[in-house]
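First comes the structure, then the notes that go with it.
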Amino acid sequence: MKTMINNNQNKNDMIETPSNKVESVAFTEAMKAYETILEAIGENPSREGLADTPKRHIKFLMEFCNPKPFKFTTFDKEDTDEIVVQLNIPYFSLCEHHFLPFYGFAHIGYLPNKRIVGLSKLARTVDFISHAPQNQERITSQVAEFLMEKLDAKGVGVILSGEHMCMSMRGISKPGAVTYTSKMLGLFKEDMQMQKQFMERIQLNNK
Ligand SMILES: [Zn+2]
């Protein structure tokens with residue numbers, strides 16, 4: 001996982017990436033390599049439409065795969081003693097096997113212990129973890145484990161749906177096939193009632 005949690009007490013809620021710096025030498029090398037790829041597929045890298053494509057695509061990859069760190073804001077849970085559920089969080093990622101996009105929705109639930117999280121931070125967590133060469137299973141686990149650890153929650157459940165361009169537009173060519181992955185931790189794994197409650201919220205939402 002590319003994320004690093006800073007254990008410095010004052011910055012305990014900051015997430016950091018190892019480096020957001022665009023190395024100019026690496027960039028120049030990447031441009032050359034990209035032109036070679038264009039040649040390999042029978043294209044002329046210097047024709048007008050493609051002249052700046054290597055630069056654009058490499059910039060996109062560098063930006064996409066280095067999401068901005070964010071503050072994981074939490075609050076006292078007060079009297080919240082039921083599960084908190086957020087559904088339909090859209091995400092985009094890049095399949096690490098084919099470097100083609102996959103995307104879908106994340107559904108997250110947790111049972112607070114002492115802290116609740118600012119609601120936008122659930123979506124930020126999904127973005128931060130999915131913006132990388134990834135696979136859907138790993139995003140699901142990493143989001144669940146991250147929330148479990150940062151919130152010291154009693155339980156966390158994460159379900160992701162995903163359509164994979166490597167399955168839709170190449171290979172087996174099955175557009176519309178949706179993959180579901182899930183990760184249940186703590187009481188969401190141990191207590192079937194709790195898990196059922198989470199699943200029912202999702203089903204309710206789909207009606
Ligand atoms: Zn793939």
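Ligands are numbered from 1 in the order shown, residues from 1 within each chain, and chains are lettered A, B, ... in the order they appear in the structure tokens.
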
Tell me which protein, DNA and RNA residues are within 10 Å of range 26-32 of chain A, counting only C-alpha atoms, leaving out same-chain ones fewer than 4 positions away, and put them as a list in words.
->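 So the residues in contact are Val22, Thr36, Ile37, Asp52, Thr53, Pro54, Lys55, Arg56, His57, Ile58, Lys59 and Met62 of chain A.
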
Neighbours of ligand 1 within 12 Å, counting only C-alpha atoms and all ligand atoms, as a list of chain:residue names?
-> A:Ser93, A:Leu94, A:Cys95, A:Glu96, A:His97, A:His98, A:Phe99, A:Leu100, A:Pro101, A:Phe102, A:Tyr103, A:Pro133, A:Gln134, A:Asn135, A:Gln136, A:Gly162, A:Glu163, A:His164, A:Met165, A:Cys166, A:Met167, A:Ser168, A:Met169, A:Arg170, A:Gly171, A:Ile172, A:Ser173

Can you pull out every residue within 12 Å of range 146-150 of chain A, counting only C-alpha atoms, but drop anything in the same chain fewer than 2 positions away, and send it as number ranges by chain?
-> A: 1, 3-7, 12-15, 71-74, 108-118, 121-126, 128-129, 138-144, 152-158, 183-188

Go ahead and write the residues just picked, N, CA and C atoms, as a compact mmCIF listing (two decimals), in the first residue's frame.
# COMPACT_ATOMS: atom_id res chain seq x y z
N MET A 1 0.85 -1.19 0.00
CA MET A 1 0.00 0.00 0.00
C MET A 1 0.88 1.23 0.00
N THR A 3 0.15 4.20 0.94
CA THR A 3 -0.09 5.17 2.00
C THR A 3 0.83 4.93 3.17
N MET A 4 1.17 6.01 3.84
CA MET A 4 1.96 5.90 5.06
C MET A 4 1.25 6.71 6.13
N ILE A 5 1.06 6.12 7.24
CA ILE A 5 0.43 6.84 8.33
C ILE A 5 1.56 7.44 9.17
N ASN A 6 1.49 8.73 9.35
CA ASN A 6 2.50 9.39 10.16
C ASN A 6 2.15 9.18 11.64
N ASN A 7 3.10 8.62 12.38
CA ASN A 7 2.79 8.31 13.77
C ASN A 7 3.11 9.43 14.75
N ASN A 12 -1.24 12.73 13.80
CA ASN A 12 -1.68 11.35 13.74
C ASN A 12 -2.81 11.12 12.75
N ASP A 13 -3.54 12.21 12.44
CA ASP A 13 -4.66 12.02 11.53
C ASP A 13 -4.34 12.43 10.10
N MET A 14 -3.06 12.67 9.81
CA MET A 14 -2.68 13.01 8.44
C MET A 14 -2.28 11.74 7.69
N ILE A 15 -2.64 11.70 6.42
CA ILE A 15 -2.18 10.60 5.57
C ILE A 15 -1.16 11.19 4.62
N LYS A 71 -6.84 15.25 5.81
CA LYS A 71 -6.94 15.10 7.25
C LYS A 71 -8.15 14.22 7.55
N PHE A 72 -7.93 13.19 8.31
CA PHE A 72 -9.01 12.25 8.64
C PHE A 72 -9.69 12.76 9.93
N THR A 73 -10.66 13.66 9.75
CA THR A 73 -11.28 14.32 10.90
C THR A 73 -12.27 13.41 11.61
N THR A 74 -12.12 13.29 12.94
CA THR A 74 -13.09 12.50 13.71
C THR A 74 -13.70 13.36 14.83
N ILE A 108 -20.16 1.68 2.53
CA ILE A 108 -19.39 1.55 3.76
C ILE A 108 -20.29 1.63 4.98
N GLY A 109 -20.05 0.76 5.94
CA GLY A 109 -20.76 0.84 7.21
C GLY A 109 -19.79 0.63 8.35
N TYR A 110 -20.04 1.29 9.48
CA TYR A 110 -19.21 1.00 10.65
C TYR A 110 -20.00 1.20 11.92
N LEU A 111 -19.59 0.52 12.96
CA LEU A 111 -20.19 0.70 14.28
C LEU A 111 -19.16 1.42 15.14
N PRO A 112 -19.48 2.69 15.53
CA PRO A 112 -18.48 3.48 16.25
C PRO A 112 -18.15 2.88 17.62
N ASN A 113 -16.95 3.15 18.05
CA ASN A 113 -16.54 2.81 19.40
C ASN A 113 -16.60 4.10 20.22
N LYS A 114 -15.59 4.95 20.06
CA LYS A 114 -15.61 6.25 20.75
C LYS A 114 -15.73 7.43 19.79
N ARG A 115 -15.32 7.20 18.52
CA ARG A 115 -15.25 8.30 17.58
C ARG A 115 -16.11 8.02 16.34
N ILE A 116 -16.65 9.09 15.76
CA ILE A 116 -17.27 9.00 14.44
C ILE A 116 -16.40 9.83 13.49
N VAL A 117 -16.50 9.54 12.19
CA VAL A 117 -15.66 10.26 11.23
C VAL A 117 -16.49 11.27 10.45
N GLY A 118 -15.87 12.40 10.08
CA GLY A 118 -16.53 13.37 9.21
C GLY A 118 -16.97 12.65 7.94
N LYS A 121 -15.04 12.23 4.73
CA LYS A 121 -13.75 11.52 4.83
C LYS A 121 -13.86 10.06 4.39
N LEU A 122 -15.08 9.54 4.39
CA LEU A 122 -15.24 8.17 3.90
C LEU A 122 -14.97 8.15 2.40
N ALA A 123 -15.54 9.13 1.69
CA ALA A 123 -15.30 9.23 0.23
C ALA A 123 -13.84 9.54 -0.05
N ARG A 124 -13.24 10.38 0.77
CA ARG A 124 -11.82 10.71 0.56
C ARG A 124 -10.94 9.48 0.75
N THR A 125 -11.30 8.67 1.73
CA THR A 125 -10.54 7.43 1.97
C THR A 125 -10.63 6.52 0.74
N VAL A 126 -11.84 6.39 0.19
CA VAL A 126 -12.03 5.54 -1.00
C VAL A 126 -11.19 6.08 -2.16
N PHE A 128 -8.53 8.02 -2.04
CA PHE A 128 -7.09 7.95 -1.76
C PHE A 128 -6.56 6.54 -2.03
N ILE A 129 -7.35 5.55 -1.68
CA ILE A 129 -6.89 4.17 -1.83
C ILE A 129 -7.10 3.65 -3.25
N ARG A 138 -8.30 -5.68 -3.30
CA ARG A 138 -7.38 -5.00 -2.39
C ARG A 138 -7.93 -3.66 -1.93
N ILE A 139 -8.58 -2.91 -2.82
CA ILE A 139 -9.17 -1.61 -2.41
C ILE A 139 -10.16 -1.88 -1.28
N THR A 140 -11.01 -2.89 -1.47
CA THR A 140 -12.04 -3.22 -0.49
C THR A 140 -11.42 -3.50 0.88
N SER A 141 -10.39 -4.34 0.90
CA SER A 141 -9.73 -4.69 2.17
C SER A 141 -9.02 -3.49 2.77
N GLN A 142 -8.33 -2.74 1.93
CA GLN A 142 -7.55 -1.61 2.47
C GLN A 142 -8.46 -0.53 3.06
N VAL A 143 -9.60 -0.27 2.40
CA VAL A 143 -10.53 0.74 2.94
C VAL A 143 -11.05 0.25 4.30
N ALA A 144 -11.44 -1.02 4.37
CA ALA A 144 -11.99 -1.57 5.63
C ALA A 144 -10.93 -1.53 6.74
N ASP A 152 -10.76 2.94 15.38
CA ASP A 152 -10.82 1.94 16.45
C ASP A 152 -12.29 1.49 16.60
N ALA A 153 -12.93 1.25 15.44
CA ALA A 153 -14.38 0.96 15.42
C ALA A 153 -14.66 -0.43 15.99
N LYS A 154 -15.92 -0.65 16.34
CA LYS A 154 -16.31 -1.99 16.82
C LYS A 154 -16.48 -2.95 15.64
N GLY A 155 -16.76 -2.37 14.49
CA GLY A 155 -16.89 -3.19 13.29
C GLY A 155 -16.92 -2.32 12.05
N VAL A 156 -16.48 -2.87 10.94
CA VAL A 156 -16.51 -2.15 9.67
C VAL A 156 -16.91 -3.12 8.57
N GLY A 157 -17.76 -2.64 7.65
CA GLY A 157 -18.11 -3.43 6.47
C GLY A 157 -17.92 -2.58 5.23
N VAL A 158 -17.30 -3.15 4.22
CA VAL A 158 -17.11 -2.43 2.96
C VAL A 158 -17.50 -3.35 1.81
N LYS A 183 -15.53 -6.82 2.45
CA LYS A 183 -14.63 -7.08 3.58
C LYS A 183 -15.38 -6.71 4.86
N MET A 184 -15.50 -7.67 5.75
CA MET A 184 -16.17 -7.44 7.03
C MET A 184 -15.16 -7.61 8.15
N LEU A 185 -15.15 -6.67 9.07
CA LEU A 185 -14.20 -6.74 10.18
C LEU A 185 -14.93 -6.56 11.51
N GLY A 186 -14.35 -7.08 12.57
CA GLY A 186 -14.91 -6.91 13.92
C GLY A 186 -16.31 -7.49 14.00
N LEU A 187 -17.24 -6.71 14.58
CA LEU A 187 -18.60 -7.22 14.77
C LEU A 187 -19.33 -7.47 13.45
N PHE A 188 -18.90 -6.79 12.38
CA PHE A 188 -19.53 -7.03 11.08
C PHE A 188 -19.21 -8.44 10.57

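Residues of range 59-89 of chain A carrying a DSSP assignment of strand (DSSP E or B), computed from the backbone, are Lys71, Thr74, Phe75, Asp76, Val84, Val85, Gln86, Leu87, Asn88 and Ile89 of chain A.
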
Given the choices A:Ala132, A:Pro175, A:Val84, A:Ser161, which gets closest to Phe198 in chain A if the distance is worked out from only C-alpha atoms?
->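 Selected residue with least distance to Phe198 in chain A: A:Val84.
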
Just how far from CA of His107 in chain A is CA of Lys68 in chain A, in Å to one decimal?
->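 Taking CA of Lys68 in chain A as the start and CA of His107 in chain A as the end point, the length is 22.1 Å.
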
Report the distance between CA of Cys65 in chain A and CA of Ser130 in chain A in Å, rounded to one decimal place.
->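 For CA of Cys65 in chain A relative to CA of Ser130 in chain A, the distance reads 8.7 Å.
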
Of the candidates A:Leu87, A:Leu151, A:Met192, A:Leu160, which one gets nearest to Asn205 in chain A if we count only C-alpha atoms?
->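 Smallest distance to Asn205 in chain A is found for A:Leu87.
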
All helix (DSSP H, G or I) residues (DSSP, backbone) inside range 61-142 of chain A, as a list in words = Leu61, Met62, Glu63, Phe64, Ser120, Lys121, Leu122, Ala123, Arg124, Thr125, Val126, Asp127, Phe128, Ile129, Ser130, Gln136, Glu137, Arg138, Ile139, Thr140, Ser141 and Gln142 of chain A

Which residue, A:Asn88, A:Gly104, A:Lys174, A:Glu145, has the smallest gap to Arg201 in chain A when you use only C-alpha atoms?
-> A:Asn88

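When CA of Glu200 in chain A is paired with CA of Ala177 in chain A, their separation reads 22.8 Å.
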